[in-house]
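Peer 1: Okay, here's the structure, questions in a sec.
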Number of protein chains: 2
Amino acid sequence: MKKKPAAGQTAKPVPLAVIKRLPLYYARLASLAEAGILRVSSSHLARLAGVTPAQLRHDLSHFGSFGQQGYGYRTHELQAAIGRILGLDRSTRMVLVGAGHLGRALANYQGFRRRRFFLQAIFDSDPALVGQVVADLTVQEASQLSDYLGHHRIEIGIIAVPAEEAQAVADRLVAGGVKGIWNFAHLRLSVPDDVVVEQVNLTDSLLTLAFRLEERKKA
Amino acid sequence: MKKKPAAGQTAKPVPLAVIKRLPLYYARLASLAEAGILRVSSSHLARLAGVTPAQLRHDLSHFGSFGQQGYGYRTHELQAAIGRILGLDRSTRMVLVGAGHLGRALANYQGFRRRRFFLQAIFDSDPALVGQVVADLTVQEASQLSDYLGHHRIEIGIIAVPAEEAQAVADRLVAGGVKGIWNFAHLRLSVPDDVVVEQVNLTDSLLTLAFRLEERKKA
DNA sequence: AGTAGTTTGTGAAAGTCTTCACAAATTATT
DNA sequence: AATAATTTGTGAAGACTTTCACAAACTACT
């Protein structure tokens, strides 16, 4: 039994499929805004994002009304609204565990900072990596993770360690009060209900591509 | 009204959602096989993969019958079968375009080789990177990509360049006969119908995590 | 050899997501 | 000021995905 929330606040369960498309819309709106385009219709934006106009409008309807009949959406306004929905109007602090090739690539990616995601510290258990400077941060000994989390409030922990170590790292992140985990290790983490895990799996993605390639070849 | 294809060959359209789960099953079966476990039931494997037993059985039913009533599946047999479905029984050759942080991380990832995906060459347009050795390969000047593809048969091209250059790279890959593109650039590529694009977007993934974090906080 | 206990494969039911289609609201034009 | 042309937001229809439930087929035990 769902009801409209009282004022402004969204409280109904938004389908995950919808959420996954919001960043896409956000990115396209940013490009449009940058190009000085002030208004955009659902069909225009939908074409850029590769979805149908109806889907775009339906997706947005989960969060309220942002457009005007006969006119469309004000580019900047809609971008800001989606930004607020995604929580991009606040800063988010992150730590990275694992300074291997992938971890270093993530640390050096500049796109996060632009969206107000700030990497605060990097940890690794490999003595050869501890002490190295990666993206302006000195890699710290992994055993200091819990201590660090005790003194700093961190919202997101990034796990870029081998699968065998991942669960132990996740446990320490959770114990340290981290509520979101971005997991690049190839296993399903078990965490308490109030912790959100976003799983990224590059191998699965590549295997999916391989299958579609095979399928296409036969057809 | 659907019909079984004549012999062995699968010709019905398998839902993308099913395909995305196959690598997950494959990985779990590999672990089981490594642990010396010879038989596994749908409920056992489903628990490991985080899906329901019914879904697992339904997914497999798209490709044929692999188990035995009252017994379950032979671990190794099912793993091999899924491997064949995914095309892992053949080698796949890849080239990487973009030797930045992400590109180098991908090149150094050892998991691909184990699945018979072989990186054959790396290209970049940055003179500072050309000539460097990454994962036993010398980074080549990007302008040589077309020439290289003319002399080597490559199935998959990996795009790890900035968004502005991605479409041009994709065009050259397609012209060179590449049929699958693994795209890490933040835009939707336009390619001919017979080319498959697998899109990976780390920023979108992080923003999705951010939203779920916000949502959880309010609930 | 017979019986009890498992477990698959599958059609049908339930649930979720996407597309359709149109009233209502607004802009643009005459 | 009135009319034509847009375009949103949304309930309902349609498509797709997941779960249920059970007959059929096999294993394992007596």
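By convention in this document, the chains of the structure tokens carry letters A, B, ... by their order, each chain's residues are numbered from 1, and ligands are numbered from 1 in the order they are shown.
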Define the interface residues of chain A facing chain B as those within 6 Å, counting only C-alpha atoms, and report them as number ranges by chain.

Peer 2: A: 20, 23, 86, 101-102, 105, 198, 204, 208-209, 211

Peer 1: Could you tell me which residues of chain C sit within 7 Å of chain A when counting only C-alpha atoms (C1' of nucleotides), and give me the result as a VMD selection string?

Peer 2: chain C and resid 18 to 19 25 to 27

Peer 1: Just the helix (DSSP H, G or I) stuff from range 53-143 of chain A, please, per backbone DSSP, written as an MDAnalysis selection string.

Peer 2: chainID A and resid 53:61 75:86 101:108 111:114 142:143

Peer 1: For C-alpha atoms, I'd like the residues from the last selection saved as a short mmCIF file (atom, residue, chain, number, x, y, z; two decimals), in the first residue's frame.

Peer 2:
data_model
loop_
_atom_site.label_atom_id
_atom_site.label_comp_id
_atom_site.auth_asym_id
_atom_site.auth_seq_id
_atom_site.Cartn_x
_atom_site.Cartn_y
_atom_site.Cartn_z
CA PRO A 53 10.23 9.60 -25.08
CA ALA A 54 7.50 7.81 -23.14
CA GLN A 55 10.05 6.03 -21.00
CA LEU A 56 11.87 9.24 -20.22
CA ARG A 57 8.65 10.94 -19.14
CA HIS A 58 7.57 7.93 -17.15
CA ASP A 59 10.93 7.73 -15.41
CA LEU A 60 10.79 11.38 -14.40
CA SER A 61 7.21 11.01 -13.17
CA THR A 75 17.74 22.10 -19.60
CA HIS A 76 19.49 23.52 -16.60
CA GLU A 77 16.52 23.11 -14.30
CA LEU A 78 16.03 19.45 -15.15
CA GLN A 79 19.74 18.76 -14.82
CA ALA A 80 19.75 20.33 -11.37
CA ALA A 81 16.65 18.38 -10.37
CA ILE A 82 18.17 15.05 -11.40
CA GLY A 83 21.39 16.06 -9.66
CA ARG A 84 19.45 16.59 -6.45
CA ILE A 85 17.68 13.25 -6.88
CA LEU A 86 21.05 11.52 -7.25
CA HIS A 101 46.24 -1.50 -11.44
CA LEU A 102 42.49 -1.08 -11.20
CA GLY A 103 42.63 0.78 -7.90
CA ARG A 104 45.15 3.24 -9.25
CA ALA A 105 43.08 3.78 -12.38
CA LEU A 106 40.03 4.56 -10.25
CA ALA A 107 42.03 6.91 -8.00
CA ASN A 108 43.26 8.83 -11.01
CA GLY A 111 35.28 12.49 -13.37
CA PHE A 112 34.38 11.66 -9.76
CA ARG A 113 35.70 14.90 -8.30
CA ARG A 114 33.60 16.89 -10.79
CA ALA A 142 45.67 -1.82 5.14
CA SER A 143 45.73 -2.62 8.85
#

Peer 1: In Å, rounded to a single decimal, give me how far CA of Val133 in chain B is from CA of Ala166 in chain B.

Peer 2: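 Separation of CA of Ala166 in chain B and CA of Val133 in chain B: 22.8 Å.
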
Peer 1: Using only C-alpha atoms (C1' of nucleotides), which residue out of D:DC29, D:DA13, D:DA21, D:DA5 lies closest to chain B?

Peer 2: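 Between D:DC29, D:DA13, D:DA21, D:DA5, the residue approaching chain B most closely is D:DA21.
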
Peer 1: Need the shell around Leu137 in chain B: protein/DNA/RNA residues with any atom at most 10 Å away, counting only C-alpha atoms (C1' of nucleotides). Skip same-chain ones fewer than 6 positions apart. Format as number ranges by chain?

Peer 2: B: 107, 119-123, 131

Peer 1: What gap, in Å, lies between CA of Ser146 in chain B and CA of Asp171 in chain B?

Peer 2: 10.0 Å

Peer 1: Mind the document's chain letters and residue numbers, and return as number ranges by chain the residues of chain B that DSSP labels strand (DSSP E or B).

Peer 2: B: 39-40, 68, 72-74, 92-97, 117-124, 133-134, 137-141, 156-159, 180-183, 196-199

Peer 1: Suppose you want the space between CA of Asp147 in chain B and CA of Val95 in chain B; what is it in Å?

Peer 2: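 Those two atoms sit 12.8 Å apart.
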
Peer 1: Distance limit 8 Å, atoms considered: only C-alpha atoms (C1' of nucleotides). Which chain D residues sit that close to chain B? Return them as a ChimeraX atom specification.

Peer 2: /D:18-19,25-27

Peer 1: Which of these residues is nearest to DG15 in chain C, using only C-alpha atoms (C1' of nucleotides): D:DA1, D:DA28, D:DC16, D:DC22?

Peer 2: D:DC16
